[in-house]
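Notes follow the structure.
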Amino acid sequence: MRKVTFSDTKTKIQHLFGVDSMVTLETSQVTTGINKYARLAWERAKWPDICPTEQRIVNGRVTSVTVTAGGTGYTGTPTVAFSGGGGTGAAATAVVTDEVVTSVIMTNTGTGYTSAPTITLSGGSGSNAAATSHVAWTVDYVASGFDPVGEIFAVWGADPYATSYPNELPFTLTANGGLLVGKDDADPVWVHYRKRFSEYATDAEDLPYLFQQYLVHGTYADLLFAEGQHDKGNNALNLAEQLILNELDKVERQQSQENHVRVLTHVGQQARI
């Protein structure tokens with residue numbers, strides 16, 4: 001990624017404001033302004049500098065249990081136990097109706113499963129109840145060894161750089177990340193995503209280069225607003241908006257990085273490789 005420093009950005013704001021240095025309060029205002037406009041710019045578009053496509057692991061969680069045999073004679077509720085599958089933490093409660101186990105309700109999906117764990121129902125004074133589990137895989141927002149995810153744009157089952165038809169996978173957003181609909185294995189996937197925004201400190205050296213002028217003029221506008229100079233502040237804010245639109249123009253029209261409408265159909269999703 002092309003980078004600039006916080007210090008250089010702050011200096012440019014000082015020059016617009018016509019001062020050689022800033023007091024503590026002004027430096028705090030500048031820090032707040034830079035992070036405000038940095039996040040606004042960060043989340044505005046699929047900027048190539050901060051939106052990589054990379055291979056990532058998936059995390060398996062037990063999402064449901066299907067009762068395959070209700071058994072007989074259950075006067076109490078049997079205990080549901082999970083074993084195998086490579087993960088931990090899954091928990092569930094059985095439901096008994098007329099001395100038969102009729103369903104199993106998940107209370108904790110667990111984490112780290114690479115295959116469906118075995119279900120054992122014990123106790124409750126009955127016998128012969130049986131069940132199977134289902135595991136769903138998620139591209140987690142936070143995974144060890146990877147950058148935290150801000151937003152997920154697309155997921156593929158094969159390398160989109162090396163495959164003509166990489167089998168794009170539909171996903172549903174959850175609190176954990178993107179749950180992959182219909183995926184039946186723990187193989188890694190390729191994900192196009194935006195890195196999660198993290199606020200910059202005054203010693204930061206990795207602000208995105210393409211945001212700098214937007215940050216400068218946006219923060220300058222906020223400083224003018226704080227001093228009651230609303231007309232000048234609005235002019236500065238309008239210029240900041242034009243500057244970020246210029247950067248969008250570079251990406252979308254000058255560099256041909258348009259966002260095309262995606263249409264997913266049964267035929268279009270068939271594996272061809």
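So you can find residues: chains in the structure tokens are A, B, ... in the order shown, residues in each start at 1, and ligands are numbered from 1 in order.
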
Who sits within 9 Å of range 199-216 of chain A, only C-alpha atoms, same chain under 4 positions skipped, as a PyMOL selection string: chain A and resi 1-7+9-10+12-13+16+27+31+33-39+41-42+49-50+220-221+237+239-244+247

Test item: residues at most 10 Å from range 151-159 of chain A, only C-alpha atoms, excluding those fewer than 3 positions along its chain, as a ChimeraX atom specification: /A:43,46,51,53-56,139-141,148,162-171,173,177-178,180,183,187-196,273

Using only C-alpha atoms, please write the residues we just selected to a file, as a PDB file, in the first residue's frame.
```
ATOM      1  CA  GLU A  43     -15.429   2.566   4.097  1.00  0.00           C
ATOM      2  CA  LYS A  46     -13.528  -0.979  -2.473  1.00  0.00           C
ATOM      3  CA  CYS A  51      -9.340  -4.469   0.032  1.00  0.00           C
ATOM      4  CA  THR A  53      -8.293 -10.937  -2.104  1.00  0.00           C
ATOM      5  CA  GLU A  54      -6.544 -13.712  -0.205  1.00  0.00           C
ATOM      6  CA  GLN A  55      -6.902 -17.302   0.884  1.00  0.00           C
ATOM      7  CA  ARG A  56      -8.288 -17.697   4.395  1.00  0.00           C
ATOM      8  CA  VAL A 139     -15.078 -16.806   7.311  1.00  0.00           C
ATOM      9  CA  ASP A 140     -14.515 -15.174  10.690  1.00  0.00           C
ATOM     10  CA  TYR A 141     -14.048 -11.432  11.092  1.00  0.00           C
ATOM     11  CA  PRO A 148      -9.248  -8.428  10.962  1.00  0.00           C
ATOM     12  CA  ALA A 162      -5.993 -18.848 -11.430  1.00  0.00           C
ATOM     13  CA  THR A 163      -9.436 -20.265 -12.244  1.00  0.00           C
ATOM     14  CA  SER A 164     -11.752 -19.256 -15.069  1.00  0.00           C
ATOM     15  CA  TYR A 165     -14.880 -20.168 -13.076  1.00  0.00           C
ATOM     16  CA  PRO A 166     -13.836 -20.094  -9.404  1.00  0.00           C
ATOM     17  CA  ASN A 167     -17.254 -21.057  -7.960  1.00  0.00           C
ATOM     18  CA  GLU A 168     -18.402 -18.023  -6.018  1.00  0.00           C
ATOM     19  CA  LEU A 169     -19.967 -19.040  -2.708  1.00  0.00           C
ATOM     20  CA  PRO A 170     -23.037 -17.300  -1.267  1.00  0.00           C
ATOM     21  CA  PHE A 171     -22.730 -16.204   2.350  1.00  0.00           C
ATOM     22  CA  LEU A 173     -23.502 -12.342   7.590  1.00  0.00           C
ATOM     23  CA  GLY A 177     -18.427 -13.277  10.023  1.00  0.00           C
ATOM     24  CA  GLY A 178     -19.661 -14.656   6.713  1.00  0.00           C
ATOM     25  CA  LEU A 180     -20.927 -19.954   3.848  1.00  0.00           C
ATOM     26  CA  LYS A 183     -20.355 -25.440   1.839  1.00  0.00           C
ATOM     27  CA  ASP A 187     -11.225 -26.450   2.852  1.00  0.00           C
ATOM     28  CA  PRO A 188      -9.862 -22.874   2.820  1.00  0.00           C
ATOM     29  CA  VAL A 189     -11.554 -20.286   0.600  1.00  0.00           C
ATOM     30  CA  TRP A 190     -10.505 -17.101  -1.198  1.00  0.00           C
ATOM     31  CA  VAL A 191     -12.041 -13.928   0.203  1.00  0.00           C
ATOM     32  CA  HIS A 192     -12.314 -10.386  -1.173  1.00  0.00           C
ATOM     33  CA  TYR A 193     -12.723  -8.141   1.834  1.00  0.00           C
ATOM     34  CA  ARG A 194     -12.002  -4.741   3.335  1.00  0.00           C
ATOM     35  CA  LYS A 195      -9.509  -4.621   6.173  1.00  0.00           C
ATOM     36  CA  ARG A 196     -11.007  -3.385   9.414  1.00  0.00           C
ATOM     37  CA  ILE A 273     -13.189 -26.838 -13.906  1.00  0.00           C
TER      38      ILE A 273
END
```

Expected answer as JSON, numbers by chain: strand (DSSP E or B) residues in range 1-132 of chain A: {"A": [3, 4, 53, 54, 55, 56, 59, 60, 61, 62, 63, 64, 65, 66, 67, 68, 69, 72, 79, 80, 81, 82, 83, 88, 89, 90, 91, 92, 93, 94, 95, 96, 97, 100, 101, 102, 103, 104, 105, 106, 107, 108, 109, 110, 111, 118, 119, 120, 121, 122, 127, 130, 131, 132]}

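Using only C-alpha atoms, the contacts of Thr68 in chain A at a cut-off of 12 Å, with sequence neighbours closer than 6 positions omitted, comprise Val100, Val101, Thr102, Ser103, Val104, Ile119, Thr120, Leu121, Asn128, Ala129, Ala130, Ala131, Thr132 and Ser133 of chain A.
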
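Interatomic distance, CA of Gly233 in chain A against CA of Trp47 in chain A: 27.0 Å.
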
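From CA of Ser64 in chain A back to CA of Gly76 in chain A, the distance works out to 21.7 Å.
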
For Ser115 in chain A, work out the shell of residues within 12 Å, counting only C-alpha atoms and skipping chain neighbours fewer than 6 positions away, then give it as a PDB file with N, CA and C atoms, in the first residue's frame.
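Saved the output as result.pdb:
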```pdb
ATOM      1  N   VAL A  58     -11.403 -21.394   7.213  1.00  0.00           N
ATOM      2  CA  VAL A  58     -12.786 -21.270   7.667  1.00  0.00           C
ATOM      3  C   VAL A  58     -12.906 -21.900   9.051  1.00  0.00           C
ATOM      4  N   ASN A  59     -13.906 -21.468   9.797  1.00  0.00           N
ATOM      5  CA  ASN A  59     -14.120 -21.959  11.158  1.00  0.00           C
ATOM      6  C   ASN A  59     -15.429 -22.721  11.203  1.00  0.00           C
ATOM      7  N   GLY A  60     -15.371 -23.978  11.636  1.00  0.00           N
ATOM      8  CA  GLY A  60     -16.569 -24.809  11.702  1.00  0.00           C
ATOM      9  C   GLY A  60     -17.289 -24.702  13.030  1.00  0.00           C
ATOM     10  N   ARG A  61     -18.599 -24.541  12.963  1.00  0.00           N
ATOM     11  CA  ARG A  61     -19.433 -24.477  14.158  1.00  0.00           C
ATOM     12  C   ARG A  61     -20.633 -25.408  13.973  1.00  0.00           C
ATOM     13  N   VAL A  62     -21.048 -26.058  15.046  1.00  0.00           N
ATOM     14  CA  VAL A  62     -22.220 -26.935  14.995  1.00  0.00           C
ATOM     15  C   VAL A  62     -23.465 -26.065  15.044  1.00  0.00           C
ATOM     16  N   PHE A  82     -21.136 -34.007  22.747  1.00  0.00           N
ATOM     17  CA  PHE A  82     -20.489 -33.931  21.440  1.00  0.00           C
ATOM     18  C   PHE A  82     -19.066 -34.474  21.562  1.00  0.00           C
ATOM     19  N   SER A  83     -18.658 -35.287  20.619  1.00  0.00           N
ATOM     20  CA  SER A  83     -17.298 -35.819  20.646  1.00  0.00           C
ATOM     21  C   SER A  83     -16.740 -35.894  19.228  1.00  0.00           C
ATOM     22  N   GLY A  84     -15.426 -35.652  19.115  1.00  0.00           N
ATOM     23  CA  GLY A  84     -14.792 -35.699  17.800  1.00  0.00           C
ATOM     24  C   GLY A  84     -15.065 -34.442  16.997  1.00  0.00           C
ATOM     25  N   GLY A  85     -14.668 -34.475  15.742  1.00  0.00           N
ATOM     26  CA  GLY A  85     -14.899 -33.345  14.850  1.00  0.00           C
ATOM     27  C   GLY A  85     -13.839 -32.280  14.909  1.00  0.00           C
ATOM     28  N   GLY A  86     -12.895 -32.407  15.851  1.00  0.00           N
ATOM     29  CA  GLY A  86     -11.780 -31.476  15.901  1.00  0.00           C
ATOM     30  C   GLY A  86     -12.031 -30.173  16.624  1.00  0.00           C
ATOM     31  N   GLY A  87     -13.274 -29.928  17.065  1.00  0.00           N
ATOM     32  CA  GLY A  87     -13.581 -28.656  17.698  1.00  0.00           C
ATOM     33  C   GLY A  87     -13.913 -28.800  19.167  1.00  0.00           C
ATOM     34  N   THR A  88     -14.318 -27.693  19.771  1.00  0.00           N
ATOM     35  CA  THR A  88     -14.688 -27.689  21.180  1.00  0.00           C
ATOM     36  C   THR A  88     -15.853 -26.733  21.417  1.00  0.00           C
ATOM     37  N   THR A 132     -27.757 -36.836  14.737  1.00  0.00           N
ATOM     38  CA  THR A 132     -26.565 -36.438  13.984  1.00  0.00           C
ATOM     39  C   THR A 132     -26.445 -34.914  14.010  1.00  0.00           C
ATOM     40  N   SER A 133     -25.229 -34.441  13.833  1.00  0.00           N
ATOM     41  CA  SER A 133     -24.991 -32.995  13.892  1.00  0.00           C
ATOM     42  C   SER A 133     -24.658 -32.442  12.515  1.00  0.00           C
ATOM     43  N   HIS A 134     -24.854 -31.149  12.390  1.00  0.00           N
ATOM     44  CA  HIS A 134     -24.501 -30.449  11.149  1.00  0.00           C
ATOM     45  C   HIS A 134     -23.547 -29.312  11.479  1.00  0.00           C
ATOM     46  N   VAL A 135     -22.477 -29.209  10.682  1.00  0.00           N
ATOM     47  CA  VAL A 135     -21.483 -28.154  10.875  1.00  0.00           C
ATOM     48  C   VAL A 135     -21.560 -27.178   9.706  1.00  0.00           C
ATOM     49  N   ALA A 136     -21.555 -25.895  10.020  1.00  0.00           N
ATOM     50  CA  ALA A 136     -21.486 -24.846   8.998  1.00  0.00           C
ATOM     51  C   ALA A 136     -20.163 -24.110   9.159  1.00  0.00           C
ATOM     52  N   TRP A 137     -19.617 -23.611   8.032  1.00  0.00           N
ATOM     53  CA  TRP A 137     -18.308 -22.979   8.052  1.00  0.00           C
ATOM     54  C   TRP A 137     -18.430 -21.481   7.807  1.00  0.00           C
ATOM     55  N   LYS A 183     -21.701 -24.859   1.821  1.00  0.00           N
ATOM     56  CA  LYS A 183     -20.355 -25.440   1.839  1.00  0.00           C
ATOM     57  C   LYS A 183     -20.361 -26.679   2.721  1.00  0.00           C
ATOM     58  N   ASP A 184     -19.749 -27.772   2.248  1.00  0.00           N
ATOM     59  CA  ASP A 184     -19.808 -29.032   2.981  1.00  0.00           C
ATOM     60  C   ASP A 184     -18.438 -29.579   3.368  1.00  0.00           C
ATOM     61  N   ASP A 185     -17.423 -28.729   3.404  1.00  0.00           N
ATOM     62  CA  ASP A 185     -16.104 -29.183   3.844  1.00  0.00           C
ATOM     63  C   ASP A 185     -15.357 -28.023   4.489  1.00  0.00           C
ATOM     64  N   ALA A 186     -14.218 -28.353   5.097  1.00  0.00           N
ATOM     65  CA  ALA A 186     -13.440 -27.349   5.827  1.00  0.00           C
ATOM     66  C   ALA A 186     -12.282 -26.793   5.010  1.00  0.00           C
ATOM     67  N   ASP A 187     -12.311 -26.968   3.693  1.00  0.00           N
ATOM     68  CA  ASP A 187     -11.225 -26.450   2.852  1.00  0.00           C
ATOM     69  C   ASP A 187     -11.174 -24.926   2.917  1.00  0.00           C
TER      70      ASP A 187
END
```
